[in-house]
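Some notes on the structure that comes next.
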Amino acid sequence: MNTPESTADLNDRVRSILAADRRSLRGVRIREIGVYAVLVLCGVFSLLITIAIVGVLLTETLNFFRSDEVTLSNFLGSGQWTPLLGSTKSFGIWALISGTMLVTVIAMAIALPLGLITAVYLSEYAPRKVRAVLKPVLEVLAGVPTVVYGFFALVTITPFLQWLHGGFNVFNATSGGIAVGILCLPTVCSLAEDALQAVPSSLRDGAYGLGGTRFDATVKVILPAALSGIISAFLLAIARAIGETMIVAIACGSRPQVTGDPRDEIQTMTGFMVQMAGGDVSNFGIEYYSMYAVAFTLFMITLSLTMIGNVVRRRYREAYE
Amino acid sequence: MVPRINSMNTVTKANTVTSKNTVTTEKEAFAGSPTIQTATPTEISQEQFALEILNLDSWYGDFQALHGVTIKIPRNQVTAFIGPSGCGKSTLLRWCNRMNDTIAIARASGTLRMGDTDLLSKSIDVVDLRRRVGIVFQKANPFPKSIFDNVAFGPRLHMKANRSELADLVEWSLRKAALWDEVKDRLNKPALGLSGGQQQRLCIARAIAVGPEVLLMDEPCSALDPASTLAIEDLMDELRTQYTIVIVTHNMQQASRCSDKTAFFFEGKVVEYGPTDRIFTNPENKQTEDYVSGRFG
Amino acid sequence: MPESSSQSNSDQRSTPELRGRAGRMLTEKWFSYLCVATATSSVAVLCWLLYSILSHGLPALSWTLLSNPPEPDPEQAGVRPAFFGTVWVCAMCGLMTLPIGIATAILLEEFPPKSKLGGWVYGLIQLNISNLAGVPSVVYGILGLTAFVSMFGLFERDQDSQSSGFELGVTYYNQFFSEGDRAILIPVENVDDKLSVVSEGMEAYTFARDADGATIVDYSKLVPTEINVITYDDPYPEDPAVLENTLFADAEAGRVSQKSWYYFQVPFGRGVLAGAMTLMLVILPVIIISSQEALRAVPSSLRAGALGLGATPWQVVRTVTLPAAIPGIMTGAILAMSRAIGETAPILIIAGIVYIRNAPQHLMDDFTVMPLQIYNWTSRPQEAFHDIAAGGIIILLAILLSFNAIAVLIRQKMQKPLS
Ligand SMILES: Nc1ncnc2c1ncn2[C@@H]1O[C@H](COP(=O)(O)OP(=O)(O)O)[C@@H](O)[C@H]1O
Ligand SMILES: [Mg+2]
C-alpha cells in the first residue's frame, strides 16, 4: 500500500520536525500569569459586590439615623411607618416587617407542604410519565416573571377571594401571599427533591427491604435522613418569599400597619421600596434614606436565612458525597 | 432503624473531619533529595537509565502510598510494574511526569531523576517535563474532537509546525500506533466514534506525536478486548526501540510477554525488581512468587 | 395527612405486631392520593394562571400593542419603547455578565488554589456567590441606584449646574426664540455658563427648512445663521426676514442638548447602562453557578489527558474544558438571560416610573422595559389597562418561551458525548 521509501521519507521528515525548535515556553508562561490575573480579578469582583452592598447600605442607613427625626428606638420599637406624612413622621419598621411576615407566612403555608409533598412524590412515587409532565410544569412556574404573578394575584386571585368572602380588601395580604407561595413552590420542591435524592440508596433499599410500605420508608427513614436538606430548602424559600417584591407591590397595597388580618391591605419592606422608587421623592430627604434603612433590614434578614440555608445544605452534601 | 441513621451520621461526620484535615495539610516543597543511597553498584553506566528513582516516599495527606522506592528504569526498554491494586504503581507513574501535581494533597520526597533533571524539584517546568514524558491512562480519553485534532493537539501546543508538517506528524504517529490504516479515510471524524481499542491506540499516537523520550502507560489494556490488547502489545514491541516504556499491568502474561524488566510492588514497597525472565521463572521473594503464579492478588 | 402521620408515630412506639397490615396499606393509599392531588394542583395552578392571562390578554393583542408607544389611551397604547428597552438592557447585561461570570467559574473550577490562603479565598468567593444568589433583587436595585446612577454622589456639583460630572458626545445649545418666532441655537462652550448671554456675531444655528419651507426639528441638521441683536432703544425691525433672526439682548434662553449615539456620562444616571449593570449584579451569581456546573460535568479524564500532553492550565481550559462545557454554559446563560428579561424590581428602582415614548438612543438614555411597562399598566385601576397589561405579558412570555426553547435546543443538539 505504501512503499518503504515513502515511509522512510516520512520518518525523515518527522525526525526533523521533532528535532526543530519548540515553541518558547516563556510566552506561554507569561500568558498563563496574565490570564490567571484576569480570572482572579473577575473572581474578586463578586466579593466587591458584597462589600459594596454592605458599604452602601450601612453608610446610608447611618445617614438615616443621624437625622433628628429618627431615633433607633422609634425604628425598632414602633409599629407606625409614616415617612411621607409631613408633620407626624414615624419610622417604626415593625409595620413593614409585620406586613412581610404576614405575606411570608401565607406563602409558606402553601409552598412548604405542597413543595415537600411534590418533592416526595417526584422522588419516591411518581411514574416516569408523571415526572415528564410535572418537572416542566414546575420549571415553567419557576420561570414566570414575578410581575406576571403580581398581575395574576391582583386580577384573578383577589376577585376570587372576594367572591369567597366579602371581607377582602382590593389590596390584601392573602392574594399576594398565595401568589408568592406559588412562586416559591418550585424552589422548595427542587431543593427538597435534591435532598431526598441525596439519601444513599443503601439506606433506601434497607428501608424497603424491611418490608415497610413506601410511606413507612419515606416518613421514617428517608425524610429524617434528608431533614437537613429539607430544612435548608425551607430556609431558602422563606428568604425568597421575604425578598419578593413585585407581587406584593402590585397585590398587597401600600398601607403599612401591624395587623394579623389577612384580608387587609398591608405594606411589606420590599413594597415600600417600590413605592419610593416609583414616586417622586427628592434624593436627599429623610424618607429617601429610610429606603436604605429598610433595604438594610431586608438584606440582613435574607442574608442570614440564606447563609444558614447554604451552610445546612453544604453540610448534607458533604455528608453524602 | 433509627440507630442506623445515627451511626451513619457519625460516620459521615468523621469523614468530613478527616477530609478537612487532609485539605489543610498542604502540598509542601518537594524536599531536596536526601543522601542518595547507592544501590548495588552495577556495570551499566548512568547514561543508559532513563529514569532513576531512589528512595522515593510519597504521601496522600497523611497516608503514605510509597515507601522508599528505588528503581532504575533502563533506556529504550519496556519496564513493567506489577502488583495488587492499591499498592502504589500508579502513584509512582504519576510522579514520573508530575501528574500528581493536580492532586493537592499529594507530596513526595526522595530522588526522581531523568538524566540530570530532578523531577521532584519545585522549579522544574512540568509543561516541558510532560512533553518529554508522555502518559497513557487506563481509560482511553480522546478529546471530543476529530481524530486529526486529537493527534495534533500536543504538536499544536509545543511546535511551530505548519499545516503539512502537522499532517506528516499525525500520519507518522498514527502509523506508529498501528492505527493509520484504520482511520486514514476519516481523520476528520470524531475520535469518540472509534472503538475502545482504537481509542486507546489513538491516545498512544497522541502521546508520541510530541516526541517524548519516555512513555508511561497505566494499565492501558485493562478495559480492552483481547484483540485490541494484542494490537497494543505489538505496538509496544514496535516502539521499544525508540522509547523508554513503563507499563503498569495486572496481566501477568502481558508483563512476561512484553517487558524487559519487571518490578513487583506490594503495599507501597518494591518487593523485587529485575529482569522479567528471572522475576517470572525464578523469583527471589516468596511474595513475588505467590503473586506471579496467581496465588494472590 | 396530620392524622396519618401521628398515627404511624404512635404505632412505632407500640409493638410492630399490633400494627394492622390493612391500616398500613390504608395510610399508604391515602398518602399516594394526597401526592397525586398535590401534583395535580400545581398543574391546575399553571393552567389557571395561563387562562387568566390569555382571557384578558388575547383580545388586547394587536399590532398596535406591539408597535405603539404607551399612549395614555389604552386603545392606542403599545410596548414598543419597552420592548427595545428590554433588548438594549438585556443585551448590554449579557455582554458584561457572561465574560465575568464564566471567568469566575473557570477560576473556581479549573485553577485550584495553590496555597492555604488561596484555598481560603476560594472558599470565601464560593460562599459569597451562593449568598449573593439569595439577595433579593430589589436590594441590587438599591445598590445600583447608589453605585451606578449617582455613583455615591462623588460627581455631584452645585445645584445650578446643568451637566453631570463627565460627558462625552453631547453638544449643548442655548435656544432662543427670535422675534420672528424662529428657534436660534447658540452652541454653549461651558455648560455652567449663564443661560442668556447673547451678542451679535456669535456662532448661531437654526433649524433647516424643507422644500415647502416647513421647519425640520432635527438637531443633527442645523444650519448656520447670522443673528441680529437689538436693545429696547433700537428701532424694532419690520421686515419679517430680519425679524426671524432678531433677538433682544436680554432674551430668555432655554438649554437644549444634542446627544450622539455614543453619548456617555459619569455618573450614568437613570439610563440603559445603569440598568444593565444592575441586572448584571442580579444574574452574575446565577451565571457563575450554572457555568461551574457545566465545567464540573466535563470528565476529569479529559483534563488529565491534556495536562499529560504538556498543556498549561489555561491551555487545558481553552482547548478542552471550555469547548466541552460551552453547550452547558450557554444553556445556563440563556436561562439567566430569561431571568434578566423578567426582572422588574431592580429596574424599577433604577429607571423609576417614567413615560418613555422612544426606544433608547444611547447608553445613557432613559428607558423602560417590558415587565416595568406591565407593572405600570397593572397598577392602574382601569380594567382596560389590565387587559393591555395581559397582552404585554403574553408578548413577554412569548419572548421567554423562545429563549427557553433555544436553551433546550442547545442542550439537545450541541451536547455531544464527552467520553
Ligand atoms: N488522589 C488520592 N487521594 C488519596 N489517596 C489516594 C489517591 N490516589 C491513590 N490513593 C491511594 O494511594 C494508594 C496507591 O494508589 P495507586 O497508586 O493508585 O495504586 P495502584 O495503581 O497500584 O492500584 C491507594 O491506597 C490509594 O487508595
Ligand atoms: Mg492504578
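Order determines the names: the first chain of the C-alpha cells is A, the second B, and so forth; residues in each chain are numbered 1 upward, and ligands are numbered 1 upward as they are shown.
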
Practice task
Could you pull out the residues sitting within 8 Å of ligand 2, using only C-alpha atoms and all ligand atoms, and write them as a VMD selection string?
Solution key: chain B and resid 85 to 86 88 to 91 138 218 to 219 248

Those selected residues, please, written with C-alpha atoms and delivered as a PDB file, in the first residue's frame.
ATOM      1  CA  SER B  85      -4.449  -2.956  43.357  1.00  0.00           C
ATOM      2  CA  GLY B  86      -3.681  -0.009  45.586  1.00  0.00           C
ATOM      3  CA  GLY B  88       1.161   2.461  44.560  1.00  0.00           C
ATOM      4  CA  LYS B  89       2.055   1.644  40.964  1.00  0.00           C
ATOM      5  CA  SER B  90       0.009   4.464  39.513  1.00  0.00           C
ATOM      6  CA  THR B  91       1.281   6.815  42.162  1.00  0.00           C
ATOM      7  CA  GLN B 138      -6.185   3.214  31.908  1.00  0.00           C
ATOM      8  CA  ASP B 218      -1.117   2.937  33.273  1.00  0.00           C
ATOM      9  CA  GLU B 219      -2.954  -0.322  32.656  1.00  0.00           C
ATOM     10  CA  VAL B 248       1.540  -0.875  34.713  1.00  0.00           C
TER      11      VAL B 248
END

Problem - Residue neighbourhood Ala251 of chain A, 9 Å, only C-alpha atoms, exclusion window fewer than 5 positions, as a list in words - result: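 These residues fall inside the cut-off: Gly150, Phe151, Phe152, Ala153, Leu154, Val155, Thr158, Val170, Phe171, Asn172, Ala173, Thr174, Ser175, Gly176, Met246 and Glu265 of chain A; Ser379 of chain C.
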
Practice task
Could you tell me, counting only C-alpha atoms and all ligand atoms, which protein and nucleic acid residues lie no more than 10 Å from ligand 1, written as a ChimeraX atom specification?
Solution key: /B:19,22,58-66,81-95,100,102-106,138,218-219,248-250,265-268

Exercise for the section: Output the contact residues of chain B with respect to chain C at a cut-off of 8 Å, based on only C-alpha atoms, as a ChimeraX atom specification. Expected result: /B:24,26,97,99,126-131,134-137,141-144,154,157,192,207,210

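A straight line drawn from atom CA of Lys221 of chain C to atom CA of Trp88 of chain C is 26.2 Å long.
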
Exercise for the section: Starting from chain A, keep only residues with some atom at most 10 Å from an atom of chain B, counting only C-alpha atoms, and report them as a ChimeraX atom specification. Expected result: /A:1,7,10-11,13-25,28-29,203,206-207,210,220-222,224-225,315-316,318-321

Residues from the last selection, N, CA and C atoms, saved as a JSON list (two decimals), in the first residue's frame:
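Produced file result38.json, reproduced below:
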[["chain", "number", "residue", "atom", "x", "y", "z"],
["A", 1, "MET", "N", 0.84, -1.20, 0.00],
["A", 1, "MET", "CA", 0.00, 0.00, 0.00],
["A", 1, "MET", "C", 0.88, 1.25, 0.00],
["A", 7, "THR", "N", 7.59, 5.66, 3.42],
["A", 7, "THR", "CA", 7.60, 5.60, 4.87],
["A", 7, "THR", "C", 8.91, 6.14, 5.41],
["A", 10, "LEU", "N", 8.83, 9.80, 5.22],
["A", 10, "LEU", "CA", 8.02, 10.35, 6.30],
["A", 10, "LEU", "C", 8.81, 10.36, 7.59],
["A", 11, "ASN", "N", 9.51, 9.24, 7.85],
["A", 11, "ASN", "CA", 10.31, 9.17, 9.07],
["A", 11, "ASN", "C", 11.32, 10.30, 9.13],
["A", 13, "ARG", "N", 11.24, 13.17, 7.56],
["A", 13, "ARG", "CA", 10.62, 14.48, 7.75],
["A", 13, "ARG", "C", 10.20, 14.67, 9.19],
["A", 14, "VAL", "N", 9.59, 13.63, 9.75],
["A", 14, "VAL", "CA", 9.11, 13.77, 11.12],
["A", 14, "VAL", "C", 10.28, 13.94, 12.08],
["A", 15, "ARG", "N", 11.38, 13.24, 11.78],
["A", 15, "ARG", "CA", 12.54, 13.38, 12.66],
["A", 15, "ARG", "C", 12.97, 14.85, 12.69],
["A", 16, "SER", "N", 12.96, 15.47, 11.52],
["A", 16, "SER", "CA", 13.41, 16.87, 11.53],
["A", 16, "SER", "C", 12.37, 17.78, 12.19],
["A", 17, "ILE", "N", 11.09, 17.44, 12.02],
["A", 17, "ILE", "CA", 10.05, 18.26, 12.68],
["A", 17, "ILE", "C", 10.22, 18.17, 14.19],
["A", 18, "LEU", "N", 10.43, 16.91, 14.66],
["A", 18, "LEU", "CA", 10.55, 16.73, 16.10],
["A", 18, "LEU", "C", 11.82, 17.37, 16.64],
["A", 19, "ALA", "N", 12.85, 17.42, 15.76],
["A", 19, "ALA", "CA", 14.11, 17.98, 16.23],
["A", 19, "ALA", "C", 14.11, 19.50, 16.19],
["A", 20, "ALA", "N", 13.15, 20.06, 15.44],
["A", 20, "ALA", "CA", 13.14, 21.52, 15.29],
["A", 20, "ALA", "C", 12.88, 22.20, 16.62],
["A", 21, "ASP", "N", 13.12, 23.51, 16.62],
["A", 21, "ASP", "CA", 12.91, 24.30, 17.84],
["A", 21, "ASP", "C", 11.46, 24.20, 18.30],
["A", 22, "ARG", "N", 11.32, 24.08, 19.60],
["A", 22, "ARG", "CA", 9.97, 24.08, 20.16],
["A", 22, "ARG", "C", 9.51, 25.51, 20.36],
["A", 23, "ARG", "N", 8.23, 25.67, 20.54],
["A", 23, "ARG", "CA", 7.70, 26.96, 20.92],
["A", 23, "ARG", "C", 8.31, 27.38, 22.24],
["A", 24, "SER", "N", 8.65, 28.64, 22.35],
["A", 24, "SER", "CA", 9.25, 29.07, 23.61],
["A", 24, "SER", "C", 8.21, 29.01, 24.72],
["A", 25, "LEU", "N", 8.62, 28.51, 25.85],
["A", 25, "LEU", "CA", 7.67, 28.38, 26.96],
["A", 25, "LEU", "C", 7.47, 29.70, 27.68],
["A", 28, "VAL", "N", 4.23, 31.41, 26.72],
["A", 28, "VAL", "CA", 3.14, 30.64, 27.28],
["A", 28, "VAL", "C", 2.98, 30.96, 28.76],
["A", 29, "ARG", "N", 4.13, 31.03, 29.44],
["A", 29, "ARG", "CA", 4.06, 31.22, 30.89],
["A", 29, "ARG", "C", 3.57, 32.63, 31.22],
["A", 203, "LEU", "N", -29.49, 3.14, 52.21],
["A", 203, "LEU", "CA", -30.44, 3.42, 53.28],
["A", 203, "LEU", "C", -31.87, 3.17, 52.79],
["A", 206, "GLY", "N", -32.49, -0.46, 52.31],
["A", 206, "GLY", "CA", -32.64, -1.08, 53.62],
["A", 206, "GLY", "C", -34.06, -0.89, 54.11],
["A", 207, "ALA", "N", -34.56, 0.34, 53.96],
["A", 207, "ALA", "CA", -35.90, 0.63, 54.46],
["A", 207, "ALA", "C", -36.94, -0.18, 53.72],
["A", 210, "LEU", "N", -36.95, -3.98, 54.60],
["A", 210, "LEU", "CA", -37.55, -4.44, 55.84],
["A", 210, "LEU", "C", -39.05, -4.67, 55.69],
["A", 220, "LYS", "N", -40.22, 7.42, 57.88],
["A", 220, "LYS", "CA", -39.36, 7.04, 59.00],
["A", 220, "LYS", "C", -37.89, 7.01, 58.65],
["A", 221, "VAL", "N", -37.57, 6.81, 57.39],
["A", 221, "VAL", "CA", -36.15, 6.71, 57.05],
["A", 221, "VAL", "C", -35.69, 7.85, 56.14],
["A", 222, "ILE", "N", -36.38, 8.00, 55.03],
["A", 222, "ILE", "CA", -35.84, 8.92, 54.02],
["A", 222, "ILE", "C", -35.98, 10.38, 54.45],
["A", 224, "PRO", "N", -36.28, 11.67, 57.55],
["A", 224, "PRO", "CA", -35.31, 12.04, 58.60],
["A", 224, "PRO", "C", -33.89, 12.16, 58.07],
["A", 225, "ALA", "N", -33.53, 11.25, 57.16],
["A", 225, "ALA", "CA", -32.16, 11.30, 56.64],
["A", 225, "ALA", "C", -31.95, 12.56, 55.82],
["A", 315, "ARG", "N", -23.56, 21.08, 54.41],
["A", 315, "ARG", "CA", -23.32, 20.02, 55.38],
["A", 315, "ARG", "C", -23.85, 18.69, 54.86],
["A", 316, "TYR", "N", -25.13, 18.69, 54.39],
["A", 316, "TYR", "CA", -25.67, 17.39, 53.98],
["A", 316, "TYR", "C", -25.02, 16.92, 52.68],
["A", 318, "GLU", "N", -21.89, 17.35, 51.83],
["A", 318, "GLU", "CA", -20.61, 16.75, 52.21],
["A", 318, "GLU", "C", -20.86, 15.37, 52.82],
["A", 319, "ALA", "N", -21.93, 15.32, 53.63],
["A", 319, "ALA", "CA", -22.17, 14.08, 54.36],
["A", 319, "ALA", "C", -22.39, 12.92, 53.41],
["A", 320, "TYR", "N", -23.00, 13.18, 52.25],
["A", 320, "TYR", "CA", -23.36, 12.06, 51.39],
["A", 320, "TYR", "C", -22.44, 11.89, 50.20],
["A", 321, "GLU", "N", -21.55, 12.84, 49.98],
["A", 321, "GLU", "CA", -20.76, 12.70, 48.76],
["A", 321, "GLU", "C", -19.39, 12.12, 49.01]]

Determine, using only C-alpha atoms, which residues of chain A have any atom at most 7 Å from an atom of chain C, and tabulate each with its shortest atom pair and distance in Å to one decimal place, rows ordered by chain and then rising number, as a tab-separated table.
residue	atom	partner	partner_atom	distance
A:Glu32	CA	C:Trp314	CA	6.3
A:Leu39	CA	C:Ala103	CA	5.4
A:Val40	CA	C:Leu107	CA	6.8
A:Cys42	CA	C:Ile100	CA	5.4
A:Gly43	CA	C:Thr104	CA	4.7
A:Ser46	CA	C:Ile129	CA	6.8
A:Leu47	CA	C:Ile125	CA	6.4
A:Ile53	CA	C:Leu143	CA	5.9
A:Val56	CA	C:Leu143	CA	6.8
A:Leu114	CA	C:Thr38	CA	6.2
A:Ile117	CA	C:Cys35	CA	6.1
A:Thr118	CA	C:Ala39	CA	5.9
A:Tyr121	CA	C:Cys35	CA	5.8
A:Val137	CA	C:Val43	CA	6.4
A:Leu141	CA	C:Leu46	CA	6.8
A:Pro145	CA	C:Gly342	CA	4.7
A:Val147	CA	C:Tyr375	CA	6.4
A:Val148	CA	C:Ile393	CA	6.7
A:Phe151	CA	C:Thr378	CA	6.3
A:Phe152	CA	C:Leu49	CA	6.5
A:Thr156	CA	C:Ser52	CA	6.6
A:Thr213	CA	C:Glu28	CA	6.8
A:Phe215	CA	C:Glu28	CA	5.5
A:Gly243	CA	C:Pro136	CA	4.7
A:Glu244	CA	C:Pro136	CA	6.8
A:Thr245	CA	C:Ala345	CA	6.4
A:Met246	CA	C:Ala345	CA	6.2
A:Ile250	CA	C:Ser379	CA	6.2
A:Val274	CA	C:Ile349	CA	6.8
A:Ala277	CA	C:Ile349	CA	5.0
A:Gly278	CA	C:Gly352	CA	5.0
A:Ala295	CA	C:Val139	CA	6.1
A:Phe299	CA	C:Val135	CA	6.8
A:Thr302	CA	C:Val135	CA	6.6
A:Leu303	CA	C:Val135	CA	6.5
A:Thr306	CA	C:Gly134	CA	5.9
A:Met307	CA	C:Asn131	CA	6.1

So which residues touch Asn285 of chain B within 12 Å, counting only C-alpha atoms, skipping near sequence neighbours fewer than 5 positions away, as a PDB file with N, CA and C atoms, in the first residue's frame?
ATOM      1  N   ALA B 263       9.019  -4.884  37.923  1.00  0.00           N
ATOM      2  CA  ALA B 263       9.087  -4.557  39.345  1.00  0.00           C
ATOM      3  C   ALA B 263       7.804  -5.027  39.991  1.00  0.00           C
ATOM      4  N   PHE B 264       7.936  -5.736  41.097  1.00  0.00           N
ATOM      5  CA  PHE B 264       6.754  -6.190  41.816  1.00  0.00           C
ATOM      6  C   PHE B 264       6.550  -5.294  43.025  1.00  0.00           C
ATOM      7  N   PHE B 265       5.407  -4.669  43.093  1.00  0.00           N
ATOM      8  CA  PHE B 265       5.060  -3.753  44.191  1.00  0.00           C
ATOM      9  C   PHE B 265       4.129  -4.450  45.153  1.00  0.00           C
ATOM     10  N   PHE B 266       4.325  -4.135  46.423  1.00  0.00           N
ATOM     11  CA  PHE B 266       3.353  -4.605  47.393  1.00  0.00           C
ATOM     12  C   PHE B 266       3.282  -3.593  48.534  1.00  0.00           C
ATOM     13  N   VAL B 270       8.732  -1.695  46.770  1.00  0.00           N
ATOM     14  CA  VAL B 270       9.156  -2.572  45.690  1.00  0.00           C
ATOM     15  C   VAL B 270       9.735  -3.827  46.334  1.00  0.00           C
ATOM     16  N   VAL B 271       9.024  -4.911  46.114  1.00  0.00           N
ATOM     17  CA  VAL B 271       9.472  -6.147  46.744  1.00  0.00           C
ATOM     18  C   VAL B 271      10.632  -6.741  45.954  1.00  0.00           C
ATOM     19  N   GLU B 272      10.473  -6.699  44.643  1.00  0.00           N
ATOM     20  CA  GLU B 272      11.530  -7.294  43.833  1.00  0.00           C
ATOM     21  C   GLU B 272      11.561  -6.607  42.476  1.00  0.00           C
ATOM     22  N   TYR B 273      12.768  -6.391  41.984  1.00  0.00           N
ATOM     23  CA  TYR B 273      12.909  -5.729  40.691  1.00  0.00           C
ATOM     24  C   TYR B 273      14.039  -6.381  39.945  1.00  0.00           C
ATOM     25  N   GLY B 274      13.807  -6.783  38.721  1.00  0.00           N
ATOM     26  CA  GLY B 274      14.879  -7.423  37.966  1.00  0.00           C
ATOM     27  C   GLY B 274      14.415  -7.771  36.577  1.00  0.00           C
ATOM     28  N   ARG B 278      13.670 -13.513  35.023  1.00  0.00           N
ATOM     29  CA  ARG B 278      14.001 -14.015  36.357  1.00  0.00           C
ATOM     30  C   ARG B 278      12.807 -13.856  37.300  1.00  0.00           C
ATOM     31  N   ILE B 279      12.138 -12.686  37.230  1.00  0.00           N
ATOM     32  CA  ILE B 279      11.005 -12.453  38.129  1.00  0.00           C
ATOM     33  C   ILE B 279       9.946 -13.522  37.918  1.00  0.00           C
ATOM     34  N   PHE B 280       9.743 -13.915  36.679  1.00  0.00           N
ATOM     35  CA  PHE B 280       8.650 -14.848  36.427  1.00  0.00           C
ATOM     36  C   PHE B 280       9.059 -16.307  36.581  1.00  0.00           C
ATOM     37  N   ASP B 290       4.386 -15.990  44.830  1.00  0.00           N
ATOM     38  CA  ASP B 290       2.953 -16.196  45.012  1.00  0.00           C
ATOM     39  C   ASP B 290       2.163 -15.358  44.026  1.00  0.00           C
ATOM     40  N   TYR B 291       2.595 -14.101  43.862  1.00  0.00           N
ATOM     41  CA  TYR B 291       1.816 -13.195  43.030  1.00  0.00           C
ATOM     42  C   TYR B 291       1.885 -13.599  41.569  1.00  0.00           C
ATOM     43  N   VAL B 292       3.115 -13.842  41.068  1.00  0.00           N
ATOM     44  CA  VAL B 292       3.227 -14.122  39.638  1.00  0.00           C
ATOM     45  C   VAL B 292       2.615 -15.466  39.288  1.00  0.00           C
TER      46      VAL B 292
END

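Atom pair atom CA of Val133 of chain B / atom CA of Thr117 of chain B has a distance of 12.4 Å (rounded to one decimal).
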
Handout entry: Length of the atom CA of Ala249 of chain C to atom CA of Asn228 of chain C vector [Å]
Key = 9.4 Å

Problem - Contacts of Ala91 of chain C within 12 Å, only C-alpha atoms, excl. fewer than 6 positions in-chain, as a PyMOL selection string - result: chain C and resi 84-85+97-98+272-273+275-277+279-280+334+337-338+340-341+363

May I have the residues within 7 Å of Lys145 of chain B as an mmCIF file with N, CA, C and O atoms, in the first residue's frame, using only C-alpha atoms and disregarding those fewer than 4 positions away in the same chain?
data_model
loop_
_atom_site.group_PDB
_atom_site.id
_atom_site.type_symbol
_atom_site.label_atom_id
_atom_site.label_comp_id
_atom_site.auth_asym_id
_atom_site.auth_seq_id
_atom_site.Cartn_x
_atom_site.Cartn_y
_atom_site.Cartn_z
ATOM 1 N N ASP B 149 -7.395 16.208 15.036
ATOM 2 C CA ASP B 149 -7.159 17.211 16.085
ATOM 3 C C ASP B 149 -6.648 16.582 17.373
ATOM 4 O O ASP B 149 -5.889 17.194 18.113
ATOM 5 N N ASN B 150 -7.085 15.363 17.645
ATOM 6 C CA ASN B 150 -6.569 14.686 18.830
ATOM 7 C C ASN B 150 -5.070 14.490 18.739
ATOM 8 O O ASN B 150 -4.334 14.802 19.667
ATOM 9 N N PRO B 190 -15.188 12.374 14.373
ATOM 10 C CA PRO B 190 -14.955 12.455 15.820
ATOM 11 C C PRO B 190 -14.224 11.225 16.348
ATOM 12 O O PRO B 190 -14.536 10.094 15.968
ATOM 13 N N ALA B 191 -13.270 11.481 17.230
ATOM 14 C CA ALA B 191 -12.495 10.385 17.796
ATOM 15 C C ALA B 191 -13.354 9.485 18.661
ATOM 16 O O ALA B 191 -13.057 8.305 18.833
#

Handout entry: Surrounding residues of Val312 of chain A excluding itself and chain neighbours under 3 positions, 12 Å, only C-alpha atoms, as a list of chain:residue names
Key =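 Counting only C-alpha atoms, the residues come to A:Ala195, A:Ala226, A:Leu227, A:Ser228, A:Gly229, A:Ile230, A:Ile231, A:Ser232, A:Ala233, A:Phe234, A:Leu235, A:Leu236, A:Leu305, A:Thr306, A:Met307, A:Ile308, A:Gly309, A:Arg315, A:Tyr316, A:Arg317, A:Glu318, A:Ala319.
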
Practice task
Check the smallest atom-to-atom distance from each of C:Pro240, C:Gly328, C:Val79, C:Glu110 to Lys413 of chain C using only C-alpha atoms, then report the winner.
Solution key: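 Checking each of C:Pro240, C:Gly328, C:Val79, C:Glu110 against Lys413 of chain C, counting only C-alpha atoms, the winner is C:Gly328.
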